[in-house]
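Below is one structure; the comments refer to it alone.
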Amino acid sequence: MAETMTGGAGWRLDARLFWLLPPLLAGLPHASHFPPWLSALCAGLWLWRAALAAADRPLPVRWLRVVLALAAVALVFSQFGLFLGRQAGVPLLVLLVFVKLLETETPRQKRLALLLSYFVALSLFLFNQSLPITAYLLAVAWLITAALAQLQPLPSPDPRPGLITAARLMLAGLPLAVALFLFFPRLDRPLWLLPSGERVARAGLSDTMRPGDFGRLILSGEIAFRASFAGTPPDSRELYWRGPVLTRFDGRAWSAPPNPRPMGVAADGLDAPLRYSLTLEPHQRAWVFSLGLPAALPPQTRLLEGLQLVAEAPITQRRRFELTSHPRYRLGADPAELAEALRLPEGYNPRARDLAERWRAEAGQPGRLAERALAHFRQAFTYTLAPPTLGLHSVDEFLFDTRRGFCEHYASSFVFLMRAAGIPARVVTGYLGGEANPIDGHLVVRQSDAHAWAEIWLAEEGWVRMDPTASVSPLRLERGLTAALPAVELPAGLTRLHAPWLRDLRHAWEAMNNGWNQWVLGYNLDRQLRLLARLSPALADRAWLAAGAALLVGLALMTLLAWRGLPRAAPDPAARLYARFLARLARVGPRCEATEGAADFARRAGQQRPDLAAEIERVSALYLRARYAPDPAALAELGRAVARFRPRRGPR
Amino acid sequence: MTDTAARPPYDRVLAQVDGVVLGKSRQARLALTCLLARGHLLIEDLPGVGKTTLAHALAHTLGLEFTRIQFTSDLLPGDILGFSVYEQASGGFRFHPGPVFSQVVLADEINRATPKAQSALLEAMEEGQVSLEGVTRRLPEPFFVLATQNPYTQAGVYPLPESQLDRFLMRVTLGYPDARAERALLAGENRRAQTLEAVLSAADLLAAQGVVEQVALAAPLLDYLQALIAHTRQSQRFLHGLSPRAGLGITRAARAWAWLAGRDYVIPEDVQAVFQAVAGHRLQDAEGLIGGDAAAQSVLAAVAIP
């Protein structure tokens with residue numbers, strides 16, 4: 001028989017290999033986080049087993065399989081250490097399943113291997129819960145179920161009916177799955193805690209700004225967060241998403257104070273608050289990028305000095321925040337804060353200091369001075385992502401020699417000039433703008449929207465935002481990075497987005513992913529309670545009750561479906577009695593095959609257990625009469641005979 | 001599917017046949033079952049394995065009249081059915097019945113004759129009567145045709161088309177005798193079938209045929225039967241599934257088998273016992289890899305008893 005293709009009769013899955021397919025497909029995506037040697041090892045084991053199956057060759061001898069299993073455990077232990085957590089546990093599981101294939105031959109063993117494949121597939125969710133992976137794993141689950149169906153009740157030569165059976169089973173289970181998803185009580189923390197020592201370094205903001213940091217960040221198209229506004233979203237030029245506020249300068253890098261204090265100064269909103277929600281991608285930091293002054297703090301967040309909204313713990317998984325902010329506000333300052341905002345390291349950038357001194361003498365008033373500085377930037381500076389490297393006096397070199405750079409250069413030199421001129425100033429980092437997805441209306445903010453700007457202290461106005469980058473390149477603010485840069489400087493990944501169809505495709509894809517994140521992954525205790533409250537206010541605080549009810553309804557629905565879908569009526573009483581008799585007999589030895597008639601089985605079982613032969617013969621004869629004659633007297637007699645039938649384990 | 005003792009006096013019938021056709025008790029029992037089920041039997045095998053002897057032995061033991069038609073390529077329908085001859089003495093035509101007017105007809109090597117001659121016999125089998133020159137004549141009862149056929153691979157044969165194969169309730173193959181039977185045969189212990197004494201009469205057999213039809217067929221057994229038939233239709237392995245006629249044939253044969261075993265109800269084993277003989281010549285493997293008998297066995301092995 002051909003492996004996969006035969007002429008004439010069309011394609012045909014080989015039944016001997018079909019059961020091997022699901023474990024492979026379930027294990028395949030693990031290759032993305034496995035070290036290459038492990039993936040290669042699993043693939044090798046699988047190929048070995050498949051070759052044996054295709055050639056109808058016997059399995060390797062027992063001691064070899066034992067050695068392989070022990071070696072697998074040892075290997076995983078030596079490479080990953082203790083089997084705690086997913087980092088070592090999942091490789092161990094997957095590797096052992098693949099070793100298991102080498103001792104899998106009978107239908108029962110195949111069923112076991114297939115059941116284990118469900119776990120292999122499930123364990124992938126510990127690493128990735130995205131929409132494509134979920135769709136893939138659904139397909140894998142379908143295949144596993146089909147392979148299981150193919151083995152029932154007898155291995156069938158044709159796997160295709162199994163595929164149909166599996167699809168029907170999954171559809172029948174769908175109502176229950178949905179009910180459980182919606183109503184099964186959510187915990188407000190994960191059921192088990194994943195060890196968190198292995199956080200992946202991702203592109204994102206940090207609490208220091210070294211030269212070049214932003215340049216790298218801006219090249220990343222990764223999504224930082226999504227926002228959706230309750231009303232019409234404000235102009236994207238006004239969307240300054242606040243991140244860490246950098247107040248310390250060591251001559252080269254800007255940094256945030258190591259232990260920022262809680263905000264202790266007065267702040268007043270100046271306009272109507274804006275309501276919006278943020279869905280942050282995990283960035284391993286606590287920052288919640290809010291707009292302006294938060295009118296109310298969402299649960300589990302606090303406000304730090306410099307108007308930084310932070311969560312209580314680092315954001316290690318996608319998280320949603322409901323926020324209200326005043327875009328315009330008046331923010332006070334305390335003396336310590338102001339003193340810090342004037343500090344400059346000695347011995348750096350003498351020319352910039354001179355310039356600032358001169359401006360102070362000329363302009364006098366701080367507001368005018370800031371205007372003057374912005375005007376200076378407007379003259380002869382160029383926005384570019386490929387600035388020349390700067391030496392020791394970085395601000396000097398940038399201001400007077402190179403005059404080429406991007407937001408970090410402008411923000412840092414502006415703040416330097418302000419401080420040198422005696423005006424308290426600080427660098428604020430975060431994101432600027434974002435791209436509205438026309439499909440679901442969400443605003444997508446990417447790492448390439450990362451931005452740094454400045455804030456200066458004016459006695460009569462409080463902290464005032466100043467964005468020197470806007471003076472140099474207004475386009476950066478209006479139309480985003482791609483418009484601000486000359487085409488040659490655009491990174492390849494960003495240029496391609498100009499093709500309109502690709503842009504649409506990407507929007508559609510991101511909207512779908514966002515829906516998945518919002519409604520499936522982001523379905524938490526809070527949302528569940530809200531849903532329950534909407535269904536019935538009485539249910540809201542009795543989630544368990546609702547879950548129980550939903551579970552019962554789901555089970556009832558499934559039973560109904562299964563019952564209606566059964567091809568034949570429930571077995572008659574004679575068949576039930578006989579099944580009980582067979583079960584008792586099977587415990588002590590003889591086992592009836594599905595295709596074996598009662599009389600044939602009685603004869604065979606009698607040979608196997610001569611001590612029970614007479615009794616087996618009698619029960620079988622009664623069963624045959626009761627079921628096929630059909631004889632009610634025999635049925636009654638069968639009931640008594642089966643009730644009395646308590647076979648003991650035989651001598652052999 | 002082991003054979004149990006047969007209901008008397010058929011146990012003696014089988015014992016006698018067994019004494020002549022050595023080591024073929026299962027085929028003999030199937031042949032008797034076929035007869036009890038009012039069906040016709042096709043025996044397919046190489047020349048010289050005892051096909052004719054089996055037919056002889058069965059006919060003699062059951063006390064039935066017996067004719068034999070040797071099919072050859074020049075056989076004409078008249079040679080089977082008979083013909084009318086003008087008689088001067090009476091001044092009219094007189095019908096001379098052909099060899100088909102007999103209770104047991106052995107159609108030897110049926111596939112050596114032309115399709116025309118074949119169909120003359122097969123029509124008689126189906127109708128139970130012969131229509132010739134505007135006159136319909138009933139065939140005797142019981143009427144049992146036992147045809148033998150050479151394997152197709154041999155030269156000079158006209159294979160029976162599927163529609164005509166369908167006229168036979170069962171097809172069995174004899175195969176070579178096993179070592180012990182062959183030794184007895186070679187040692188000359190074989191007896192001539194003609195010397196056998198009749199155990200039964202035609203009237204007994206007709207009565208038995210009537211009783212067989214009363215054997216109970218319970219609903220769970222019909223479930224099993226339908227599952228078997230459905231499997232042949234749904235599986236991609238077969239060119240065609242079993243027809244309703246084939247299904248009816250299985251019930252008739254299973255009833256006869258059950259009755260012969262002394263039961264008045266059919267159990268799954270009865271179906272399994274006759275399934276290969278009844279379904280084997282009606283199933284064709286889609287890829288032509290295995291014969292019908294093996295295909296029938298694979299169906300039994302794939303369908304669970306409900």
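Ordering of the structure tokens sets the chain letters (A, B, ...); residue numbers start at 1 within each chain; ligands are numbered from 1 in the order shown.
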
Subject >> Residues of chain A within 6 Å of chain B, counting only C-alpha atoms, as a PyMOL selection string >> reply: chain A and resi 594-595+597+628-629

Subject >> Neighbour list for B:Ala294 as a ChimeraX atom specification, cut-off 12 Å, only C-alpha atoms, skip fewer than 4 positions in-chain >> reply: /B:237-238,275-277,279-285,288-290,298-301

Output of the above residues as a compact mmCIF listing (two decimals), in the first residue's frame, restricted to C-alpha atoms:
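The resulting out.txt:
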```txt
# COMPACT_ATOMS: atom_id res chain seq x y z
CA ARG B 237 -12.51 -0.94 0.05
CA PHE B 238 -15.26 -2.46 -2.03
CA PHE B 275 -21.34 -14.70 5.78
CA GLN B 276 -18.29 -15.59 3.76
CA ALA B 277 -20.14 -18.15 1.66
CA ALA B 279 -21.16 -12.50 0.59
CA GLY B 280 -17.81 -13.67 -0.76
CA HIS B 281 -18.83 -13.85 -4.41
CA ARG B 282 -20.74 -10.58 -4.17
CA LEU B 283 -17.88 -8.45 -2.85
CA GLN B 284 -15.03 -7.14 -4.91
CA ASP B 285 -12.01 -5.45 -3.47
CA GLY B 288 -8.28 -6.04 -6.66
CA LEU B 289 -5.72 -7.00 -4.05
CA ILE B 290 -7.69 -9.62 -2.18
CA SER B 298 -12.29 -8.49 6.80
CA VAL B 299 -15.86 -7.22 7.12
CA LEU B 300 -16.53 -9.68 9.94
CA ALA B 301 -13.33 -8.61 11.62
```

Original post:
Using only C-alpha atoms, which residues sit within 6 Å of stretch 308-312 of chain A once same-chain residues fewer than 5 positions away are excluded, as a VMD selection string?
Top reply: chain A and resid 286 to 288 300 to 303

Output C-alpha atoms of each residue in that selection to a file, as a compact mmCIF listing (two decimals), in the first residue's frame.
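As written to disk, again-v8.txt reads:
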```
# COMPACT_ATOMS: atom_id res chain seq x y z
CA ALA A 286 5.39 48.37 36.08
CA TRP A 287 4.73 51.40 33.91
CA VAL A 288 1.22 52.10 32.78
CA GLN A 300 -3.62 48.03 41.83
CA THR A 301 -1.86 51.09 40.51
CA ARG A 302 -0.29 54.12 42.12
CA LEU A 303 1.01 57.45 41.01
```

Subject >> Residues of stretch 77-299 of chain B in strand (DSSP E or B), written as a VMD selection string >> reply: chain B and resid 82 to 87 92 to 97 104 to 108 129 to 132 135 to 138 144 to 149 170 to 172 216 238 265 285

Skip B:Ala179 itself and residues of its chain fewer than 4 positions away, then list as a PDB file with N, CA and C atoms, in the first residue's frame all residues within 12 Å of it, counting only C-alpha atoms.
```pdb
ATOM      1  N   LEU B  22     -13.888 -36.651   2.037  1.00  0.00           N
ATOM      2  CA  LEU B  22     -13.141 -36.655   3.288  1.00  0.00           C
ATOM      3  C   LEU B  22     -12.644 -35.260   3.663  1.00  0.00           C
ATOM      4  N   GLY B  23     -12.793 -34.930   4.908  1.00  0.00           N
ATOM      5  CA  GLY B  23     -12.206 -33.693   5.447  1.00  0.00           C
ATOM      6  C   GLY B  23     -12.879 -32.418   4.972  1.00  0.00           C
ATOM      7  N   ARG B 183      -4.438 -38.972   2.843  1.00  0.00           N
ATOM      8  CA  ARG B 183      -3.847 -40.296   3.036  1.00  0.00           C
ATOM      9  C   ARG B 183      -4.935 -41.369   3.012  1.00  0.00           C
ATOM     10  N   ALA B 184      -6.032 -41.072   3.690  1.00  0.00           N
ATOM     11  CA  ALA B 184      -7.143 -42.028   3.694  1.00  0.00           C
ATOM     12  C   ALA B 184      -7.652 -42.235   2.276  1.00  0.00           C
ATOM     13  N   LEU B 185      -7.713 -41.128   1.522  1.00  0.00           N
ATOM     14  CA  LEU B 185      -8.195 -41.177   0.153  1.00  0.00           C
ATOM     15  C   LEU B 185      -7.284 -42.035  -0.711  1.00  0.00           C
ATOM     16  N   LEU B 186      -5.977 -41.801  -0.552  1.00  0.00           N
ATOM     17  CA  LEU B 186      -5.007 -42.544  -1.358  1.00  0.00           C
ATOM     18  C   LEU B 186      -4.981 -44.008  -0.949  1.00  0.00           C
TER      19      LEU B 186
END
```

Neighbour list for stretch 161-169 of chain A as a compact mmCIF listing (two decimals) with N, CA and C atoms, in the first residue's frame, cut-off 7 Å, only C-alpha atoms, skip fewer than 3 positions in-chain:
```
# COMPACT_ATOMS: atom_id res chain seq x y z
N TRP A 142 -8.17 17.89 16.95
CA TRP A 142 -9.08 17.19 16.04
C TRP A 142 -8.42 15.92 15.49
N LEU A 143 -7.17 16.06 15.08
CA LEU A 143 -6.45 14.90 14.53
C LEU A 143 -6.25 13.82 15.59
N THR A 145 -8.11 13.26 18.18
CA THR A 145 -9.39 12.61 18.40
C THR A 145 -9.72 11.67 17.25
N ALA A 146 -9.40 12.12 16.03
CA ALA A 146 -9.68 11.26 14.88
C ALA A 146 -8.86 9.98 14.96
N ALA A 147 -7.60 10.12 15.37
CA ALA A 147 -6.75 8.93 15.47
C ALA A 147 -7.28 8.00 16.55
N ALA A 149 -10.44 7.80 17.35
CA ALA A 149 -11.67 7.22 16.80
C ALA A 149 -11.33 6.09 15.82
N GLN A 150 -10.20 6.25 15.14
CA GLN A 150 -9.81 5.25 14.16
C GLN A 150 -9.50 3.92 14.86
N ALA A 172 -20.02 18.69 19.21
CA ALA A 172 -20.94 18.38 20.31
C ALA A 172 -20.41 18.92 21.62
N GLY A 173 -19.08 18.97 21.76
CA GLY A 173 -18.51 19.46 23.00
C GLY A 173 -18.45 20.97 23.08
```

Original post:
What is the atom CA of A:Pro175 to atom CA of A:Ile144 distance in Å?
Top reply: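 Atom CA of A:Ile144 lies 20.2 Å from atom CA of A:Pro175.
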
Subject >> B:Asn150 environment, 6 Å, only C-alpha atoms, sequence neighbours closer than 4 positions dropped, as a list in words >> reply: Glu44, Asp45 and Leu46 of chain B

Restricting the output to C-alpha atoms, write the selected residues as a short mmCIF file (atom, residue, chain, number, x, y, z; two decimals), in the first residue's frame.
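Resulting contents of selection-v3.cif:
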```cif
data_model
loop_
_atom_site.label_atom_id
_atom_site.label_comp_id
_atom_site.auth_asym_id
_atom_site.auth_seq_id
_atom_site.Cartn_x
_atom_site.Cartn_y
_atom_site.Cartn_z
CA GLU B 44 -15.48 -23.10 -7.24
CA ASP B 45 -12.27 -25.03 -7.40
CA LEU B 46 -9.74 -26.87 -9.46
#
```

**OP:** Rounded to one decimal place, report the atom CA of B:Pro161-atom CA of B:Gly48 distance in Å.
**Re:**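 About the pair atom CA of B:Pro161 and atom CA of B:Gly48: they are 24.2 Å apart.
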
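Inside stretch 380-448 of chain A, the residues DSSP reads as alpha helix (DSSP H) when given the backbone are Ala380, Ser394, Val395, Asp396, Cys407, Glu408, His409, Tyr410, Ala411, Ser412, Ser413, Phe414, Val415, Phe416, Leu417, Met418, Arg419 and Ala420 of chain A.
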
**OP:** Determine, counting only C-alpha atoms, which protein, DNA and RNA residues have an atom within 6 Å of an atom of stretch 109-122 of chain B; residues of the same chain fewer than 5 positions away are not included. Present the result as a ChimeraX atom specification.
**Re:** /B:71-73,76-77,148-149,157-159
